[in-house]
Every structure is written in structure tokens, then in C-alpha cells.
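Colleague: One file: run-v6.cif (mmCIF, C-alpha atoms and all ligand atoms).
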```cif
data_query
#
loop_
_atom_site.label_atom_id
_atom_site.label_comp_id
_atom_site.auth_asym_id
_atom_site.auth_seq_id
_atom_site.Cartn_x
_atom_site.Cartn_y
_atom_site.Cartn_z
CA MET B 1 68.60 48.60 82.51
CA GLY B 2 67.71 45.57 80.42
CA MET B 3 70.00 43.12 78.69
CA ARG B 4 71.96 44.30 75.69
CA ASP B 5 70.92 41.45 73.41
CA GLY B 6 70.62 43.17 70.03
CA ASP B 7 74.23 43.08 68.88
CA GLY B 8 74.78 40.91 65.83
CA TRP B 9 74.48 40.76 62.06
CA VAL B 10 71.39 39.88 60.04
CA ASP B 11 71.66 38.48 56.50
CA CYS B 12 68.89 40.40 54.80
CA ASN B 13 66.68 39.70 51.77
CA CYS B 14 68.11 42.82 50.14
CA GLY B 15 71.46 41.08 49.78
CA PHE B 16 73.26 43.02 52.49
CA ARG B 17 74.16 42.26 56.08
CA HIS B 18 72.78 44.70 58.61
CA TRP B 19 73.74 45.36 62.22
CA GLY B 20 71.09 44.62 64.86
CA LEU B 21 69.41 41.26 65.51
CA PHE B 22 66.11 43.04 66.28
CA GLY B 23 66.69 45.82 63.79
CA ALA B 24 68.27 49.16 64.49
CA ALA B 25 67.19 52.70 65.23
CA GLY B 26 68.65 56.17 64.95
CA LEU B 27 67.83 59.67 66.13
CA LEU B 28 67.32 62.54 63.70
CA LEU B 29 67.43 65.44 66.13
CA VAL B 30 66.26 68.83 64.89
CA ARG B 31 67.42 71.91 66.74
CA ARG B 32 64.85 74.72 66.67
CA ASP B 33 66.51 77.47 68.72
CA THR B 34 68.69 78.52 65.78
CA PRO B 35 67.51 80.94 63.04
CA GLU B 36 67.09 77.98 60.68
CA PRO B 37 66.45 74.43 61.91
CA LYS B 38 69.54 72.23 62.05
CA VAL B 39 70.02 68.49 62.36
CA LEU B 40 72.62 66.68 64.42
CA LEU B 41 75.18 64.51 62.66
CA GLN B 42 78.22 62.60 63.80
CA LEU B 43 81.35 61.73 61.83
CA ARG B 44 81.92 58.04 62.34
CA ALA B 45 85.41 57.03 63.42
CA ALA B 46 87.57 55.46 60.72
CA TRP B 47 87.58 52.01 62.39
CA THR B 48 83.77 51.70 62.50
CA HIS B 49 81.40 50.27 59.90
CA GLY B 50 80.98 53.12 57.40
CA GLY B 51 83.91 54.96 58.96
CA GLY B 52 84.68 58.49 57.80
CA THR B 53 81.08 59.26 56.85
CA TRP B 54 78.42 61.45 58.49
CA ALA B 55 75.63 59.54 60.17
CA LEU B 56 72.86 59.80 62.72
CA PRO B 57 73.51 58.51 66.23
CA GLY B 58 71.97 55.08 66.46
CA GLY B 59 72.52 51.38 66.68
CA ALA B 60 71.08 47.97 67.38
CA ARG B 61 67.72 47.70 69.11
CA ASP B 62 67.48 45.34 72.07
CA SER B 63 64.60 42.85 72.27
CA HIS B 64 62.91 44.67 75.18
CA GLU B 65 63.12 48.13 73.58
CA ASP B 66 60.94 49.96 71.11
CA SER B 67 62.59 52.04 68.41
CA VAL B 68 62.22 55.30 70.30
CA ALA B 69 63.89 53.87 73.41
CA ALA B 70 66.71 52.41 71.33
CA ALA B 71 67.32 55.62 69.37
CA LEU B 72 67.36 57.78 72.51
CA ARG B 73 69.63 55.35 74.37
CA GLU B 74 72.11 55.24 71.49
CA ALA B 75 72.04 59.04 71.09
CA HIS B 76 72.79 59.41 74.79
CA GLU B 77 75.61 56.84 74.71
CA GLU B 78 77.23 58.16 71.54
CA MET B 79 76.61 61.90 71.78
CA GLY B 80 75.53 62.62 75.35
CA ILE B 81 72.07 63.71 74.26
CA GLU B 82 69.93 64.77 77.22
CA ILE B 83 66.78 62.78 76.62
CA ASP B 84 64.52 65.01 78.74
CA VAL B 85 64.94 67.98 76.36
CA VAL B 86 63.97 65.91 73.30
CA THR B 87 60.41 65.71 71.91
CA VAL B 88 59.67 62.82 69.55
CA LYS B 89 57.66 63.86 66.47
CA HIS B 90 57.68 61.01 63.97
CA VAL B 91 59.16 57.56 63.33
CA PHE B 92 60.16 56.62 59.78
CA SER B 93 60.47 52.88 59.24
CA ASP B 94 62.68 51.45 56.50
CA ASP B 95 61.42 47.86 56.58
CA HIS B 96 63.44 45.21 54.73
CA GLY B 97 61.43 42.26 56.10
CA PRO B 98 63.97 40.37 58.23
CA TRP B 99 65.46 43.68 59.39
CA ARG B 100 64.36 47.27 59.66
CA TYR B 101 65.83 50.63 60.51
CA ASP B 102 63.60 53.11 62.31
CA THR B 103 64.59 56.75 62.25
CA VAL B 104 63.13 58.74 65.13
CA ILE B 105 62.63 62.39 64.17
CA ALA B 106 62.65 64.59 67.26
CA HIS B 107 62.92 68.26 68.15
CA THR B 108 64.89 70.14 70.77
CA MET B 109 65.19 73.81 71.74
CA SER B 110 68.88 73.67 72.69
CA ASP B 111 72.03 71.79 71.74
CA ALA B 112 70.71 68.97 73.98
CA GLY B 113 74.21 68.59 75.40
CA ALA B 114 75.53 67.10 72.15
CA HIS B 115 79.20 66.19 72.25
CA ILE B 116 81.46 63.28 71.34
CA ALA B 117 80.65 60.83 74.11
CA ASN B 118 82.28 57.61 72.92
CA PRO B 119 85.02 56.55 70.48
CA GLU B 120 82.59 55.63 67.67
CA SER B 121 82.55 59.23 66.47
CA THR B 122 85.28 61.82 66.01
CA GLU B 123 83.27 64.98 65.23
CA THR B 124 79.75 66.34 65.55
CA GLN B 125 77.94 69.08 63.67
CA TRP B 126 74.56 70.75 63.44
CA ALA B 127 73.81 70.96 59.71
CA LEU B 128 71.12 72.92 57.87
CA LEU B 129 68.62 70.59 56.20
CA ASP B 130 69.80 71.73 52.77
CA GLU B 131 73.44 71.06 53.67
CA VAL B 132 72.99 67.40 54.59
CA GLU B 133 72.93 66.03 51.03
CA ASN B 134 76.23 67.79 50.27
CA LEU B 135 78.08 65.87 52.97
CA ILE B 136 79.68 62.44 52.57
CA LEU B 137 76.93 60.42 54.23
CA HIS B 138 76.86 56.93 55.67
CA PRO B 139 75.27 54.69 52.99
CA GLY B 140 72.16 54.06 55.09
CA LEU B 141 71.54 57.76 55.66
CA ALA B 142 72.38 58.59 52.04
CA GLN B 143 69.67 56.18 50.93
CA SER B 144 66.97 57.35 53.37
CA TRP B 145 67.63 61.09 53.31
CA ALA B 146 65.32 61.67 50.33
CA SER B 147 62.48 60.32 52.51
CA LEU B 148 63.67 61.81 55.78
CA LYS B 149 64.12 65.37 54.53
CA PRO B 150 60.47 66.02 53.57
CA LEU B 151 59.27 64.22 56.72
CA THR B 152 61.50 66.46 58.81
CA HIS B 153 60.10 69.55 57.06
CA GLN B 154 56.62 68.23 57.80
CA THR B 155 57.34 68.00 61.54
CA LEU B 156 58.33 71.66 61.47
CA ILE B 157 54.94 72.71 60.07
CA ASP B 158 52.69 70.52 62.22
ZN ZN Z 201 68.13 44.71 53.93
#
```
Can the structure from this file be put into C-alpha cells for me?
Modeller:
Amino acid sequence: MGMRDGDGWVDCNCGFRHWGLFGAAGLLLVRRDTPEPKVLLQLRAAWTHGGGTWALPGGARDSHEDSVAAALREAHEEMGIEIDVVTVKHVFSDDHGPWRYDTVIAHTMSDAGAHIANPESTETQWALLDEVENLILHPGLAQSWASLKPLTHQTLID
């Protein structure tokens, strides 16, 4: 275990403040043992940043971590994801300059043990790809979903 040194806000060129001194990363986990592929979402607790919206598990990257390590660690902490049943397929980088958010697209052939594992979320769901845009999404996910959706489809063909 390394130091948790990534917690903090960055004032970004885009005019917003973002969480994660070294950027942030999230896991877009695709379940492939169901008739149609489904993606894992968590409903963020009301007290959190972006509370009451559906988001990917994720958070601040630490200085010693790459994006994949950060995304998997956060997914394990927040949703109990069993990392050894997850296969990483693609990393989508939303680079703002001083800050970036990397979304790690990965596959699993089970529910990967997903459950509410810490107080940051109040509900979890596996959503069909076409259902995601109909949910009330966290602003970051809402913005990137148009890019993430076709990339996720691509990982299912490769
Ligand atoms: Zn920004």
C-alpha cells in the first residue's frame, strides 16, 4: 500500500474545480454473462459531490498509481469489486491540461462481487448500455458518455 496523496482540488483551465491532485480515474465495468451487456453504476449518496446522481466508481489518483490501478482500487473500495475477475480493455482519457479523468473500460463474466461497500453510494445497478443516457447522471459521466458508449461497444466487438 502506498501513500494516499491524491486527495485535493485542482483549479482547472476549463473554469471548474476538479477532485484529484494527480487527476482522477473511474471504472466502467461491463458485465458479459447477461443476455445483453450491462454496465455497473452507483448512486452517489446525497452528501457527496454530485450527490443523488448515477456515476462510475472512481476517485482521485495517487502519485504512485497509474489510472488502471487507481480505478480498480476505487472500485474495490466503493463497490467491493473483485479485481481478479476484471479484464481491462481500454482507457479513455479526458485531458483538461492541469487535470484529467481516465475512464478504464473493463469486462467481467460475473457480477464481480458488486455491492455497496462504503457510504459514498446508496444503490448500485447494472444498466443496459442504451439505458444509461436515460438516468440522471453525474455531470462528468453525462459529459463523457457520448464518447464512452461507442468505445464500450467497440470493446465488445474486438
Ligand atoms: Zn477541467
Colleague: Mind listing the residues within 12 Å of ligand ZN 201 (chain Z), all atoms listed in the file counted, as a list of chain:residue names?
Modeller: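 Going residue by residue within 12 Å of ligand ZN 201 (chain Z), we get B:Trp9, B:Val10, B:Asp11, B:Cys12, B:Asn13, B:Cys14, B:Gly15, B:Phe16, B:Arg17, B:His18, B:Trp19, B:Gly20, B:Gly23, B:Ala24, B:Asp94, B:Asp95, B:His96, B:Gly97, B:Pro98, B:Trp99, B:Arg100, B:Tyr101, B:Gly140, B:Gln143.
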Colleague: Counting all atoms listed in the file, which of B:Thr152, B:Thr124, B:Thr87, B:Gln42 gets nearest to Thr103 in chain B?
Modeller: B:Thr152
Colleague: Nearest residue to Leu43 in chain B out of B:Ala60, B:Ala117, B:Leu137, B:Val68, using all atoms listed in the file?
Modeller: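 Answer, going by the shortest atom-to-atom distance: B:Leu137.
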Colleague: Tell me which protein, DNA and RNA residues are within 9 Å of Lys38 in chain B, counting all atoms listed in the file, leaving out same-chain ones fewer than 6 positions away, and put them as a ChimeraX atom specification.
Modeller: /B:29-32,126-129
Colleague: Would you kindly identify which residues have an atom no farther than 6 Å from (62.9, 55.6, 64.5), using all atoms listed in the file and the file's own coordinates, and write them out as a PDB file with C-alpha atoms, keeping the file's coordinate frame?
Modeller:
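Result file result.pdb:
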```
ATOM      1  CA  ALA B  25      67.190  52.700  65.230  1.00  0.00           C
ATOM      2  CA  GLY B  26      68.650  56.170  64.950  1.00  0.00           C
ATOM      3  CA  SER B  67      62.590  52.040  68.410  1.00  0.00           C
ATOM      4  CA  VAL B  68      62.220  55.300  70.300  1.00  0.00           C
ATOM      5  CA  VAL B  91      59.160  57.560  63.330  1.00  0.00           C
ATOM      6  CA  PHE B  92      60.160  56.620  59.780  1.00  0.00           C
ATOM      7  CA  ASP B 102      63.600  53.110  62.310  1.00  0.00           C
ATOM      8  CA  THR B 103      64.590  56.750  62.250  1.00  0.00           C
ATOM      9  CA  VAL B 104      63.130  58.740  65.130  1.00  0.00           C
TER      10      VAL B 104
END
```
Colleague: Any chance you could model all heavy atoms for range 91-102 of chain B and send them as a PDB file, keeping the file's coordinate frame?
Modeller:
```
ATOM      1  N   VAL B  91      58.237  58.679  63.532  1.00  0.00           N
ATOM      2  CA  VAL B  91      59.160  57.560  63.330  1.00  0.00           C
ATOM      3  C   VAL B  91      59.017  57.092  61.882  1.00  0.00           C
ATOM      4  O   VAL B  91      57.916  56.760  61.436  1.00  0.00           O
ATOM      5  CB  VAL B  91      58.884  56.388  64.291  1.00  0.00           C
ATOM      6  CG1 VAL B  91      59.849  55.231  64.018  1.00  0.00           C
ATOM      7  CG2 VAL B  91      59.007  56.845  65.745  1.00  0.00           C
ATOM      8  N   PHE B  92      60.129  57.107  61.159  1.00  0.00           N
ATOM      9  CA  PHE B  92      60.160  56.620  59.780  1.00  0.00           C
ATOM     10  C   PHE B  92      60.781  55.239  59.765  1.00  0.00           C
ATOM     11  O   PHE B  92      61.908  55.033  60.236  1.00  0.00           O
ATOM     12  CB  PHE B  92      60.990  57.569  58.897  1.00  0.00           C
ATOM     13  CG  PHE B  92      61.248  57.033  57.516  1.00  0.00           C
ATOM     14  CD1 PHE B  92      60.217  56.904  56.598  1.00  0.00           C
ATOM     15  CD2 PHE B  92      62.531  56.643  57.138  1.00  0.00           C
ATOM     16  CE1 PHE B  92      60.452  56.399  55.313  1.00  0.00           C
ATOM     17  CE2 PHE B  92      62.776  56.149  55.858  1.00  0.00           C
ATOM     18  CZ  PHE B  92      61.736  56.024  54.959  1.00  0.00           C
ATOM     19  N   SER B  93      60.027  54.272  59.225  1.00  0.00           N
ATOM     20  CA  SER B  93      60.470  52.880  59.240  1.00  0.00           C
ATOM     21  C   SER B  93      60.904  52.445  57.852  1.00  0.00           C
ATOM     22  O   SER B  93      60.137  52.535  56.904  1.00  0.00           O
ATOM     23  CB  SER B  93      59.316  52.000  59.741  1.00  0.00           C
ATOM     24  OG  SER B  93      59.828  50.785  60.201  1.00  0.00           O
ATOM     25  N   ASP B  94      62.159  52.008  57.749  1.00  0.00           N
ATOM     26  CA  ASP B  94      62.680  51.450  56.500  1.00  0.00           C
ATOM     27  C   ASP B  94      62.718  49.938  56.693  1.00  0.00           C
ATOM     28  O   ASP B  94      63.663  49.389  57.257  1.00  0.00           O
ATOM     29  CB  ASP B  94      64.078  52.026  56.235  1.00  0.00           C
ATOM     30  CG  ASP B  94      64.635  51.584  54.893  1.00  0.00           C
ATOM     31  OD1 ASP B  94      63.881  51.014  54.078  1.00  0.00           O
ATOM     32  OD2 ASP B  94      65.840  51.803  54.661  1.00  0.00           O
ATOM     33  N   ASP B  95      61.636  49.271  56.246  1.00  0.00           N
ATOM     34  CA  ASP B  95      61.420  47.860  56.580  1.00  0.00           C
ATOM     35  C   ASP B  95      61.885  46.958  55.452  1.00  0.00           C
ATOM     36  O   ASP B  95      61.337  46.991  54.347  1.00  0.00           O
ATOM     37  CB  ASP B  95      59.927  47.636  56.861  1.00  0.00           C
ATOM     38  CG  ASP B  95      59.679  46.314  57.573  1.00  0.00           C
ATOM     39  OD1 ASP B  95      60.574  45.449  57.562  1.00  0.00           O
ATOM     40  OD2 ASP B  95      58.578  46.155  58.132  1.00  0.00           O
ATOM     41  N   HIS B  96      62.911  46.151  55.730  1.00  0.00           N
ATOM     42  CA  HIS B  96      63.440  45.210  54.730  1.00  0.00           C
ATOM     43  C   HIS B  96      62.842  43.822  54.869  1.00  0.00           C
ATOM     44  O   HIS B  96      63.259  42.915  54.163  1.00  0.00           O
ATOM     45  CB  HIS B  96      64.967  45.087  54.868  1.00  0.00           C
ATOM     46  CG  HIS B  96      65.714  46.341  54.545  1.00  0.00           C
ATOM     47  ND1 HIS B  96      67.024  46.339  54.151  1.00  0.00           N
ATOM     48  CD2 HIS B  96      65.333  47.641  54.560  1.00  0.00           C
ATOM     49  CE1 HIS B  96      67.431  47.589  53.941  1.00  0.00           C
ATOM     50  NE2 HIS B  96      66.429  48.395  54.195  1.00  0.00           N
ATOM     51  N   GLY B  97      61.941  43.594  55.824  1.00  0.00           N
ATOM     52  CA  GLY B  97      61.430  42.260  56.100  1.00  0.00           C
ATOM     53  C   GLY B  97      62.116  41.661  57.311  1.00  0.00           C
ATOM     54  O   GLY B  97      61.655  41.835  58.437  1.00  0.00           O
ATOM     55  N   PRO B  98      63.267  40.974  57.089  1.00  0.00           N
ATOM     56  CA  PRO B  98      63.970  40.370  58.230  1.00  0.00           C
ATOM     57  C   PRO B  98      64.633  41.409  59.137  1.00  0.00           C
ATOM     58  O   PRO B  98      65.082  41.090  60.230  1.00  0.00           O
ATOM     59  CB  PRO B  98      65.045  39.500  57.585  1.00  0.00           C
ATOM     60  CG  PRO B  98      64.902  39.637  56.124  1.00  0.00           C
ATOM     61  CD  PRO B  98      63.898  40.691  55.807  1.00  0.00           C
ATOM     62  N   TRP B  99      64.728  42.632  58.665  1.00  0.00           N
ATOM     63  CA  TRP B  99      65.460  43.680  59.390  1.00  0.00           C
ATOM     64  C   TRP B  99      64.824  45.016  59.045  1.00  0.00           C
ATOM     65  O   TRP B  99      64.301  45.192  57.942  1.00  0.00           O
ATOM     66  CB  TRP B  99      66.928  43.665  58.965  1.00  0.00           C
ATOM     67  CG  TRP B  99      67.811  44.618  59.688  1.00  0.00           C
ATOM     68  CD1 TRP B  99      68.466  44.398  60.877  1.00  0.00           C
ATOM     69  CD2 TRP B  99      68.174  45.947  59.276  1.00  0.00           C
ATOM     70  NE1 TRP B  99      69.188  45.505  61.221  1.00  0.00           N
ATOM     71  CE2 TRP B  99      69.029  46.470  60.259  1.00  0.00           C
ATOM     72  CE3 TRP B  99      67.837  46.752  58.182  1.00  0.00           C
ATOM     73  CZ2 TRP B  99      69.572  47.750  60.179  1.00  0.00           C
ATOM     74  CZ3 TRP B  99      68.366  48.022  58.108  1.00  0.00           C
ATOM     75  CH2 TRP B  99      69.225  48.514  59.101  1.00  0.00           C
ATOM     76  N   ARG B 100      64.815  45.929  60.004  1.00  0.00           N
ATOM     77  CA  ARG B 100      64.360  47.270  59.660  1.00  0.00           C
ATOM     78  C   ARG B 100      65.123  48.319  60.447  1.00  0.00           C
ATOM     79  O   ARG B 100      65.643  48.052  61.542  1.00  0.00           O
ATOM     80  CB  ARG B 100      62.855  47.418  59.862  1.00  0.00           C
ATOM     81  CG  ARG B 100      62.377  47.513  61.274  1.00  0.00           C
ATOM     82  CD  ARG B 100      60.875  47.875  61.282  1.00  0.00           C
ATOM     83  NE  ARG B 100      60.548  48.585  62.498  1.00  0.00           N
ATOM     84  CZ  ARG B 100      60.052  47.991  63.599  1.00  0.00           C
ATOM     85  NH1 ARG B 100      59.813  46.706  63.612  1.00  0.00           N
ATOM     86  NH2 ARG B 100      59.797  48.718  64.660  1.00  0.00           N
ATOM     87  N   TYR B 101      65.189  49.503  59.855  1.00  0.00           N
ATOM     88  CA  TYR B 101      65.830  50.630  60.510  1.00  0.00           C
ATOM     89  C   TYR B 101      64.779  51.708  60.724  1.00  0.00           C
ATOM     90  O   TYR B 101      64.149  52.178  59.769  1.00  0.00           O
ATOM     91  CB  TYR B 101      66.972  51.195  59.652  1.00  0.00           C
ATOM     92  CG  TYR B 101      67.845  52.177  60.406  1.00  0.00           C
ATOM     93  CD1 TYR B 101      69.049  51.766  60.975  1.00  0.00           C
ATOM     94  CD2 TYR B 101      67.455  53.502  60.570  1.00  0.00           C
ATOM     95  CE1 TYR B 101      69.842  52.649  61.683  1.00  0.00           C
ATOM     96  CE2 TYR B 101      68.246  54.391  61.287  1.00  0.00           C
ATOM     97  CZ  TYR B 101      69.434  53.965  61.835  1.00  0.00           C
ATOM     98  OH  TYR B 101      70.216  54.848  62.549  1.00  0.00           O
ATOM     99  N   ASP B 102      64.559  52.059  61.981  1.00  0.00           N
ATOM    100  CA  ASP B 102      63.600  53.110  62.310  1.00  0.00           C
ATOM    101  C   ASP B 102      64.351  54.387  62.652  1.00  0.00           C
ATOM    102  O   ASP B 102      65.237  54.385  63.515  1.00  0.00           O
ATOM    103  CB  ASP B 102      62.744  52.695  63.506  1.00  0.00           C
ATOM    104  CG  ASP B 102      61.747  51.609  63.148  1.00  0.00           C
ATOM    105  OD1 ASP B 102      61.493  51.403  61.946  1.00  0.00           O
ATOM    106  OD2 ASP B 102      61.221  50.963  64.073  1.00  0.00           O
TER     107      ASP B 102
END
```
